[in-house]
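Engineer: Sharing a structure here in C-alpha cells format.
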Amino acid sequence: MYQILVVDDDREIANAIEIYLSREGYKVLKAYDGEEALNIIKNNEIHLVILDVMMPKKDGIETLEEIRKTKTIPVIMLSAKSEDYDKIAGLDTGADDYITKPFNPLELIARVKSHLRRYVEFGNLDKKESKSLLKTGELEIDDEKKKVTVDGKEIKLTATEYHILKFLLENKGKVFSITQIYENVWNEESYGAENIIAVHIRHIREKIEINPKEPKYLKVIWGIGYKIEDIT
Amino acid sequence: MENLKKSTWTRVLCYILIPIFLIILILSVLNVAITSEYGDFNKNQDFVQTENFAMNYLYSIVTDIEYIKEYEKSNKSQSYGKYAEIEDSDYSEGRIYYESRNYNDTYIYNNIQYIIINKETNELYTNIRTKNYIQDIEDMKTKDIYWVYEDGNISTNIELMNQDNAKYLISDYQSMEEMQGYKVYTSFDMQALNSTNVFYIQQEVYNLFKGHENAPVYLIPISAICLIAMIIYLCISIGHEKGKEGIVLNGIDKFPYEILFTIISMIIGIVLSIGIAGIEVQIPQKMVISLFLLSYLGSYASGMVLFVTTVKRIKAKQFWKTFLIYKIYAWIKRSLKKSINAITDKTNSNRKIAILYWSFIIITSILISLSGSFFGFLLLIAFWILVFYEILQYNKKLKQIQDALMDIYQGKPDVHLDEEVLKGTLGKMAKYINDIAGGFHNAIEQSLKSERMKTELITNVSHDIKTPLTSIINYVDLLKKENIQDAKIEQYIAILDKKSQRLKKLIEDLVEASKVSSGNLKLNMEDINIKELIQQITGEFEDKFEKKNLKIDMNLAKESMIVKADTRYMYRIVENLFSNITKYALENTRVYIELKKYNERIYLTIKNISKDRLNITSEELMQRFVRGDKSRYTEGSGLGLSIAKSLTELQGGNFNIQIDGDLFKVEIIW
C-alpha cells in the first residue's frame, strides 16, 4: 500500500484530498506546514507528496527544496497561484507536476496514479526494447501489436487516430500543420477535409491525456500545428 | 579727499581764480614781450619818448607817402579814391588833396596830422581840413610833438626821430629815400592820447608795466603753476557731485559735441571781435578797457563751459558717443541691423514668406529678361527646378510633423521629432509636439502603472478567494457522490455545483481581463496562420456546436493567412468567440466563419443569430461585465468579449462588433 503525504495549511482541503485518495486505496498522511511535512518524510516511507505552496513557517517551495536534497519521490504542487511564473518556479525547483486550485478531484487522482506508476514501477519496467516500440514519457506505441499505452494503461484508439498519433510520435518534437498531417497520413493532397484532423486530434487528446485542455503529450500550438512532446 | 573732490565751493573758487591767474599770466607774458619792444623800462620815460612810439610814428608817415606815390602813379584814379580835391584855401601853388578818413584803408589809425607836398607838382596832401595851410605848416613846429622833413633835413622835438636816429628806426622794407621829392610836415597832439587810437592802447599797456619790469619773473611761473594745479583739480573734480556716484551728465553734456563746439567757438569769436572792435571804433577810452574785460570774461566763460563738458564726456567715456556724427552712425547701424534681423527672424513667418516670395519674383524676372540667350534660359529652368525641390523638401518636413501628430492622435505618443533638422517655424512646432507627446506619454505611463496595481490587487484577492472555493467545490463533489435519496437535496447540490463552477470561471476570467486590459502580458510574437488556427479551434468545438445543432459555414481563403502574434492569446480570442457562440447562438441555425485578405489586411468575420434579443449597443457589449440581457443568468462571466477585444488590440489588430437585429457579427482585422 502506497503512502501519500498531503501538505496543506487548509485542513478542510487536506481532509477532502484524504477522502478522495483513501477511496482509491492509498494510505494518507497529513501535515499542515512545511516543517511538519519534512518530519513525516524523515520518519515514514512516503511514495508521493501533494504539496501546497502558500503555507506558514516553511512554504511549499522551501519544503520542496529540502525534500529534493534527499528524496526523488514524486511531488505534486497544489496552489491557488495560477500564474505561469508560479508554475515554472515550482517545476524548476523539482516538482513533478503542478495543479492549480480549485482543482478537479478526478484529475488529481489521475495524476497521482500516473506519477506513482511511473515512480514505483519504473525500475521494474524491464520491457524489451522492440524495434517497433515508439515512446515519449509514459506514452508508448507498440506498432507490432498496434497497442497504445499511457502509464502502462492501454488506450483504445480508432484506426485513423492511431495513424495520426503514430505519425506524430515517429516525428516527436516536430510541429506539423493540419495539412502536413493529412498529406503524410493519407498520402494524398487534402481537399478541405482538414477540419476532421482537428477533431481527431481532440479525440486522441481526450483519450491519452489526463487533462485534455492542458495536454502533456499531444500539444497544440495554436495557429501553427500539433506535436508530440519529446519527453525522455 | 572725496569731499574735496565733490566740493562745489572749491570748484566755484577755481572758476573765479582761473581767469584772474590767466590774465596775470597773459599780462606777464605780454610784459616780457612788450619790454623787449619798448626797450628799457628803467628810463621811466613817457610813452612818447619810447622807441615803440617813434617807430610807429615814422612807419605811419612812410606808409602815407607810399600811398600818395601810388595815387599819383595811377593818375589819381578813382580806385585810389582816398583823397578828395578841395579848393577853398590860401594855398595856391598847387592842388590840394584832402584825405577823408576811410577806416577800411587805414589798418592802424593814429592821430598823426600831416601835410605832404610834392616838390615837383606842388600838389599838397593832407589829413587836416583848414583854410590856411601855409600858416598851419608854420604852426606844426609849435605842437607837442612834431616831425618835419624838408630837402633831406629832419627837424623834430623827439630825440629818437632826429636826423641821426630816424634812419635806424625805419624798417628794412621802407627807407627815408621814399621821402625824396616831398616836403613832409607832421605833428602829434598829446590830446590825441586821450581818444581812442592805437597809440592810446599802447600807452595804456606801457603805463601798466612801467615800473613793474621785474614782476613777470615770478608771476609767470606762479600763475602758470596755479593755473595748471587748478585745471588738474577741475579735471579730477568735474562730473562728481555730492551724494551721487560716478560721473553726472547734465543736459548740456548730452548735446551733440561738434555742434556745441561750433556754437561756443562762434560765441568766443564774436565776443573777442567785439572786444577788438572796441579799439577801432571811437568810443570813450574807459569803455574800451571794460569792453575788453567783458569780452575776455565772456570768452573765458564760454571756453570754460566747453572745457567742463569735454572733460565730463571723456571721463564718462561718452566723448565719441555724444557726437552727432556718432549718433547718426549708431542709428544707421541700428536700423540696418534691425532690418537684417527682421529679414532673418524666423519667428515672423509672414515677413519671411514675403521676402521669399518677392525674391522669387525678382530672381525669376531677372532670369526671364536674360532668357533670350540659351544660357539664361537654362539658368531660369535650373532656378525653377531648385525652387520646386526646396518646396518638396519643406513639404517632406511638414509631413514628418503631420505623421507625428497622427501618431499622437492615434494614441501612440512615443514620437520624437528632431528639432535641429526641422528648422525655424517647423522646428518650433516640432518642439511643441515633442512636449505634448512627452505629456501624453507620462499620462499613459501613470495610468498603466495604476492599472498594473489594480491587476496585482485582483490577482492577490483571487488567490484568497480560490482557497475557500477549492473546499466548496471539493465537498460539493463529495456530496454528489454520497448516496442521496432525496431528489430535492440532489437538486440543491446540483445548483451548488453549477454555481461554484461558475464562480471559479468568473475568478479566472477576472484575473485574465485585468491582466489583458492593463497590458500586463508578455507577448511571444511569432508567425501564426489564422487559417490553421480557425481549423484547429473548429475541431475543438465541433461536438459543442453539434450539441446545439449549429451548422458551421466556413469560407476560408485558399492561401495561408500569416500574422505576427502570440499563439496562446490568439487562441484565447477565437476560443472566447466560439465559446460565446455555443452559449448565446440560437439553436438549429448557421454560423458563418469567413477569412479573407483585402488590401493587404486579413479579415476574420464570424456571424451568428442570437438566441436572445440584443437590446444593447455593440460598444456596451464589449465593456467588461456586460452581456446581452438574459445571458446574465446563464454561464459565463461577461468578460469574454472584453478580453477578446483587448487581446486583439494588444497584438495590433482591430476588433469590431456589429449588431443587426438578431444578427451578431464580429470582425477582427489584422
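Going through the C-alpha cells in order, the chains are called A, B, and so on, while each chain numbers its residues from 1 and the ligands are numbered from 1 in the order shown.
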Against chain A, which residues of chain B fall within 10 Å? For each one I want the closest pair of atoms and the distance in Å (one decimal), counting only C-alpha atoms, rows by chain and increasing residue number, as JSON lines.

Structural biologist:
{"residue": "B:Thr459", "atom": "CA", "partner": "A:Lys81", "partner_atom": "CA", "distance": 8.7}
{"residue": "B:Asn460", "atom": "CA", "partner": "A:Lys81", "partner_atom": "CA", "distance": 8.8}
{"residue": "B:Ser462", "atom": "CA", "partner": "A:Ala80", "partner_atom": "CA", "distance": 8.2}
{"residue": "B:His463", "atom": "CA", "partner": "A:Ala80", "partner_atom": "CA", "distance": 5.3}
{"residue": "B:Asp464", "atom": "CA", "partner": "A:Ala80", "partner_atom": "CA", "distance": 7.9}
{"residue": "B:Ile465", "atom": "CA", "partner": "A:Ala80", "partner_atom": "CA", "distance": 8.8}
{"residue": "B:Lys466", "atom": "CA", "partner": "A:Ala80", "partner_atom": "CA", "distance": 6.0}
{"residue": "B:Thr467", "atom": "CA", "partner": "A:Ala80", "partner_atom": "CA", "distance": 6.4}
{"residue": "B:Pro468", "atom": "CA", "partner": "A:Ile13", "partner_atom": "CA", "distance": 8.6}
{"residue": "B:Leu469", "atom": "CA", "partner": "A:Pro102", "partner_atom": "CA", "distance": 6.5}
{"residue": "B:Thr470", "atom": "CA", "partner": "A:Pro102", "partner_atom": "CA", "distance": 4.2}
{"residue": "B:Ser471", "atom": "CA", "partner": "A:Ile13", "partner_atom": "CA", "distance": 5.5}
{"residue": "B:Ile472", "atom": "CA", "partner": "A:Pro102", "partner_atom": "CA", "distance": 9.0}
{"residue": "B:Ile473", "atom": "CA", "partner": "A:Pro102", "partner_atom": "CA", "distance": 7.2}
{"residue": "B:Asn474", "atom": "CA", "partner": "A:Ala16", "partner_atom": "CA", "distance": 6.5}
{"residue": "B:Tyr475", "atom": "CA", "partner": "A:Ala16", "partner_atom": "CA", "distance": 6.9}
{"residue": "B:Asp477", "atom": "CA", "partner": "A:Pro105", "partner_atom": "CA", "distance": 8.2}
{"residue": "B:Leu478", "atom": "CA", "partner": "A:Ala16", "partner_atom": "CA", "distance": 8.0}
{"residue": "B:Ser500", "atom": "CA", "partner": "A:Pro102", "partner_atom": "CA", "distance": 9.9}
{"residue": "B:Gln501", "atom": "CA", "partner": "A:Pro102", "partner_atom": "CA", "distance": 9.2}
{"residue": "B:Lys504", "atom": "CA", "partner": "A:Pro102", "partner_atom": "CA", "distance": 7.3}
{"residue": "B:Glu508", "atom": "CA", "partner": "A:Ser82", "partner_atom": "CA", "distance": 9.1}
{"residue": "B:Val511", "atom": "CA", "partner": "A:Glu83", "partner_atom": "CA", "distance": 9.9}
{"residue": "B:Glu526", "atom": "CA", "partner": "A:Ile224", "partner_atom": "CA", "distance": 9.6}
{"residue": "B:Asp527", "atom": "CA", "partner": "A:Ile224", "partner_atom": "CA", "distance": 8.1}
{"residue": "B:Ile528", "atom": "CA", "partner": "A:Gly223", "partner_atom": "CA", "distance": 4.9}
{"residue": "B:Asn529", "atom": "CA", "partner": "A:Gly223", "partner_atom": "CA", "distance": 4.9}
{"residue": "B:Ile530", "atom": "CA", "partner": "A:Gly223", "partner_atom": "CA", "distance": 5.6}
{"residue": "B:Lys531", "atom": "CA", "partner": "A:Gly223", "partner_atom": "CA", "distance": 7.2}
{"residue": "B:Glu532", "atom": "CA", "partner": "A:Gly223", "partner_atom": "CA", "distance": 5.0}
{"residue": "B:Leu533", "atom": "CA", "partner": "A:Gly223", "partner_atom": "CA", "distance": 3.8}
{"residue": "B:Ile534", "atom": "CA", "partner": "A:Gly223", "partner_atom": "CA", "distance": 7.6}
{"residue": "B:Gln535", "atom": "CA", "partner": "A:Asn195", "partner_atom": "CA", "distance": 5.5}
{"residue": "B:Gln536", "atom": "CA", "partner": "A:Ala198", "partner_atom": "CA", "distance": 5.1}
{"residue": "B:Ile537", "atom": "CA", "partner": "A:Ala198", "partner_atom": "CA", "distance": 7.6}
{"residue": "B:Thr538", "atom": "CA", "partner": "A:Asn195", "partner_atom": "CA", "distance": 7.0}
{"residue": "B:Gly539", "atom": "CA", "partner": "A:Val199", "partner_atom": "CA", "distance": 4.3}
{"residue": "B:Glu540", "atom": "CA", "partner": "A:Arg202", "partner_atom": "CA", "distance": 6.1}
{"residue": "B:Phe541", "atom": "CA", "partner": "A:Val199", "partner_atom": "CA", "distance": 8.4}
{"residue": "B:Glu542", "atom": "CA", "partner": "A:Val199", "partner_atom": "CA", "distance": 6.9}
{"residue": "B:Asp543", "atom": "CA", "partner": "A:Val199", "partner_atom": "CA", "distance": 8.6}
{"residue": "B:Leu556", "atom": "CA", "partner": "A:Gly192", "partner_atom": "CA", "distance": 9.6}
{"residue": "B:Lys558", "atom": "CA", "partner": "A:Gly192", "partner_atom": "CA", "distance": 9.4}
{"residue": "B:Met561", "atom": "CA", "partner": "A:Gly223", "partner_atom": "CA", "distance": 9.7}
{"residue": "B:Ile562", "atom": "CA", "partner": "A:Gly223", "partner_atom": "CA", "distance": 9.0}
{"residue": "B:Val563", "atom": "CA", "partner": "A:Gly223", "partner_atom": "CA", "distance": 9.4}
{"residue": "B:Ala565", "atom": "CA", "partner": "A:Gly223", "partner_atom": "CA", "distance": 9.5}
{"residue": "B:Asp566", "atom": "CA", "partner": "A:Trp222", "partner_atom": "CA", "distance": 8.9}
{"residue": "B:Thr567", "atom": "CA", "partner": "A:Trp222", "partner_atom": "CA", "distance": 5.2}
{"residue": "B:Arg568", "atom": "CA", "partner": "A:Trp222", "partner_atom": "CA", "distance": 6.5}
{"residue": "B:Tyr569", "atom": "CA", "partner": "A:Trp222", "partner_atom": "CA", "distance": 9.0}
{"residue": "B:Met570", "atom": "CA", "partner": "A:Trp222", "partner_atom": "CA", "distance": 7.4}
{"residue": "B:Tyr571", "atom": "CA", "partner": "A:Trp222", "partner_atom": "CA", "distance": 5.9}
{"residue": "B:Arg572", "atom": "CA", "partner": "A:Trp222", "partner_atom": "CA", "distance": 9.6}

Engineer: Which residue gives the smallest distance to B:Asn615 among B:Ile659, B:Leu30, B:Ala644, B:Leu496, with only C-alpha atoms counted?

Structural biologist: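 Using only C-alpha atoms, B:Asn615 sits closest to B:Ile659.
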
Engineer: Name all residues at most 10 Å from A:Ser114 (count only C-alpha atoms; drop same-chain ones fewer than 6 positions away) and give them as a JSON list (two decimals) with all heavy atoms, in the first residue's frame.

Structural biologist:
[["chain", "number", "residue", "atom", "x", "y", "z"],
["A", 108, "LEU", "N", -6.83, 15.17, -10.19],
["A", 108, "LEU", "CA", -5.81, 14.99, -9.16],
["A", 108, "LEU", "C", -5.50, 13.50, -8.97],
["A", 108, "LEU", "O", -4.34, 13.08, -8.97],
["A", 108, "LEU", "CB", -6.28, 15.60, -7.85],
["A", 108, "LEU", "CG", -5.30, 15.46, -6.68],
["A", 108, "LEU", "CD1", -4.06, 16.31, -6.88],
["A", 108, "LEU", "CD2", -5.96, 15.81, -5.35],
["A", 138, "GLU", "N", 5.64, 8.50, -20.73],
["A", 138, "GLU", "CA", 4.96, 7.23, -20.45],
["A", 138, "GLU", "C", 3.99, 6.85, -21.55],
["A", 138, "GLU", "O", 3.14, 5.99, -21.38],
["A", 138, "GLU", "CB", 4.23, 7.32, -19.10],
["A", 138, "GLU", "CG", 5.16, 7.62, -17.92],
["A", 138, "GLU", "CD", 6.34, 6.68, -17.84],
["A", 138, "GLU", "OE1", 6.13, 5.45, -17.88],
["A", 138, "GLU", "OE2", 7.49, 7.19, -17.78],
["A", 150, "VAL", "N", -0.53, 4.41, -21.96],
["A", 150, "VAL", "CA", -0.09, 5.61, -21.23],
["A", 150, "VAL", "C", 0.03, 5.18, -19.78],
["A", 150, "VAL", "O", -0.93, 4.62, -19.21],
["A", 150, "VAL", "CB", -1.11, 6.76, -21.37],
["A", 150, "VAL", "CG1", -0.65, 7.94, -20.51],
["A", 150, "VAL", "CG2", -1.27, 7.18, -22.81],
["A", 151, "ASP", "N", 1.17, 5.41, -19.19],
["A", 151, "ASP", "CA", 1.47, 4.97, -17.83],
["A", 151, "ASP", "C", 1.18, 3.48, -17.70],
["A", 151, "ASP", "O", 0.64, 3.02, -16.68],
["A", 151, "ASP", "CB", 0.63, 5.76, -16.80],
["A", 151, "ASP", "CG", 0.96, 7.24, -16.86],
["A", 151, "ASP", "OD1", 2.15, 7.58, -17.06],
["A", 151, "ASP", "OD2", 0.03, 8.07, -16.75],
["A", 152, "GLY", "N", 1.42, 2.74, -18.74],
["A", 152, "GLY", "CA", 1.22, 1.31, -18.72],
["A", 152, "GLY", "C", -0.23, 0.89, -18.93],
["A", 152, "GLY", "O", -0.54, -0.30, -19.01],
["A", 153, "LYS", "N", -1.12, 1.85, -19.07],
["A", 153, "LYS", "CA", -2.55, 1.55, -19.23],
["A", 153, "LYS", "C", -2.88, 1.61, -20.71],
["A", 153, "LYS", "O", -2.51, 2.56, -21.40],
["A", 153, "LYS", "CB", -3.35, 2.61, -18.48],
["A", 153, "LYS", "CG", -4.76, 2.20, -18.16],
["A", 153, "LYS", "CD", -5.36, 3.28, -17.25],
["A", 153, "LYS", "CE", -6.79, 3.60, -17.65],
["A", 153, "LYS", "NZ", -7.25, 4.84, -17.00],
["A", 210, "ILE", "N", -4.60, 13.26, -19.25],
["A", 210, "ILE", "CA", -5.39, 13.36, -18.03],
["A", 210, "ILE", "C", -6.28, 14.60, -18.13],
["A", 210, "ILE", "O", -7.47, 14.55, -17.88],
["A", 210, "ILE", "CB", -4.47, 13.47, -16.80],
["A", 210, "ILE", "CG1", -3.72, 12.13, -16.61],
["A", 210, "ILE", "CG2", -5.28, 13.80, -15.55],
["A", 210, "ILE", "CD1", -2.62, 12.19, -15.59]]

Engineer: Per DSSP on the backbone, filter chain A down to the residues in strand (DSSP E or B) and report them as a PyMOL selection string.

Structural biologist: chain A and resi 3-7+27-31+48-52+75-79+97-100+133-136+139-142+147-150+153-155+176+218-221+225-228

Engineer: List every residue of stretch 260-376 of chain B that DSSP, applied to the backbone of this structure, places in alpha helix (DSSP H), and write the result as a ChimeraX atom specification.

Structural biologist: /B:260-280,285-315,324-344,349-370,374-376

Engineer: For B:Ile18, please output as a ChimeraX atom specification all residues within 10 Å (counting only C-alpha atoms; exclusion window: fewer than 3 positions along the same chain).

Structural biologist: /B:12-15,21-24,223,226-228,230-231,300,304

Engineer: Hey, can you spit out that residue selection with C-alpha atoms as an mmCIF file, in the first residue's frame?

Structural biologist:
data_model
loop_
_atom_site.group_PDB
_atom_site.id
_atom_site.type_symbol
_atom_site.label_atom_id
_atom_site.label_comp_id
_atom_site.auth_asym_id
_atom_site.auth_seq_id
_atom_site.Cartn_x
_atom_site.Cartn_y
_atom_site.Cartn_z
ATOM 1 C CA VAL B 12 33.496 127.785 -7.888
ATOM 2 C CA LEU B 13 36.644 129.272 -6.388
ATOM 3 C CA CYS B 14 38.619 127.732 -9.200
ATOM 4 C CA TYR B 15 36.254 129.130 -11.792
ATOM 5 C CA PHE B 21 45.541 133.984 -12.883
ATOM 6 C CA LEU B 22 45.071 133.680 -16.600
ATOM 7 C CA ILE B 23 45.008 137.399 -17.119
ATOM 8 C CA ILE B 24 48.021 137.743 -14.829
ATOM 9 C CA SER B 223 50.397 131.972 -12.219
ATOM 10 C CA CYS B 226 48.415 127.838 -10.061
ATOM 11 C CA LEU B 227 46.576 127.580 -13.351
ATOM 12 C CA ILE B 228 47.838 124.101 -14.039
ATOM 13 C CA MET B 230 43.516 124.376 -10.691
ATOM 14 C CA ILE B 231 42.941 122.867 -14.096
ATOM 15 C CA TYR B 300 36.537 132.658 -20.717
ATOM 16 C CA MET B 304 35.119 127.030 -19.607
#

Engineer: Separation of atom CA of B:Lys210 and atom CA of B:Asp164, in Å?

Structural biologist: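 About the pair atom CA of B:Lys210 and atom CA of B:Asp164: they are 26.9 Å apart.
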
Engineer: So the first atom is atom CA of A:Gly137 and the second is atom CA of A:Asn211; what is the distance between them in Å, to one decimal place?

Structural biologist: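 If I compute the distance from atom CA of A:Gly137 to atom CA of A:Asn211, I get 15.9 Å.
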
Engineer: Select, from A:Arg118, A:Lys58, A:Arg111, A:Arg68, the residue with the minimum atom-to-atom distance to A:Glu36, counting only C-alpha atoms.

Structural biologist: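 Selected residue with least distance to A:Glu36: A:Lys58.
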
Engineer: Counting only C-alpha atoms, what is within 10 Å of A:Ala31, bar same-chain residues fewer than 4 positions away, as a list in words?

Structural biologist: Leu5, Val6, Val7, Asp8, Asp9, Asp10, Arg11, Ala14, Glu35, Glu36, Ala37, Leu38, Asn39, Ile40 and Leu51 of chain A

Engineer: Residues within 8 Å of stretch 580-595 of chain B, please, as a list in words. Count only C-alpha atoms; anything in the same chain fewer than 5 positions from it doesn't count.

Structural biologist: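 Once the nearby chain positions are removed, what remains is Lys531, Lys544, Phe545, Lys548, Asn549, Leu550, Lys551, Ile552, Asp553, Met554, Asn555, Leu556, Ala557, Ile602, Tyr603, Leu604, Thr605, Ile606, Lys607, Asn608, Ile609, Ser610, Lys611, Asp612, Ser631, Glu635 and Gly640 of chain B.
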
Engineer: Which is closest to B:Ala166 among B:Ile264, B:Val62, B:Phe578, B:Lys327, if we use only C-alpha atoms?

Structural biologist: B:Val62

Engineer: Which residue out of A:His115, A:Lys69, A:Lys156, A:Lys172 has the minimum interatomic distance to A:Val49 when only C-alpha atoms are used?

Structural biologist: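 Closest to A:Val49, using only C-alpha atoms: A:His115.
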
Engineer: Which polymer residues have any atom within 10 Å of an atom of stretch 137-143 of chain B, counting only C-alpha atoms, with same-chain residues fewer than 2 positions away left out, as a list in words?

Structural biologist: Gln113, Tyr114, Ile115, Ile116, Asn132, Tyr133, Ile134, Gln135, Ile145, Tyr146, Trp147, Val148, Ser155, Thr156, Asn157, Val184, Tyr185, Thr186, Ser187, Phe188, Asp189 and Met190 of chain B

Engineer: Would you mind reading off the distance between atom CA of B:Tyr98 and atom CA of B:Tyr125, one decimal, in Å?

Structural biologist: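 Distance reported for this atom pair: 6.0 Å.
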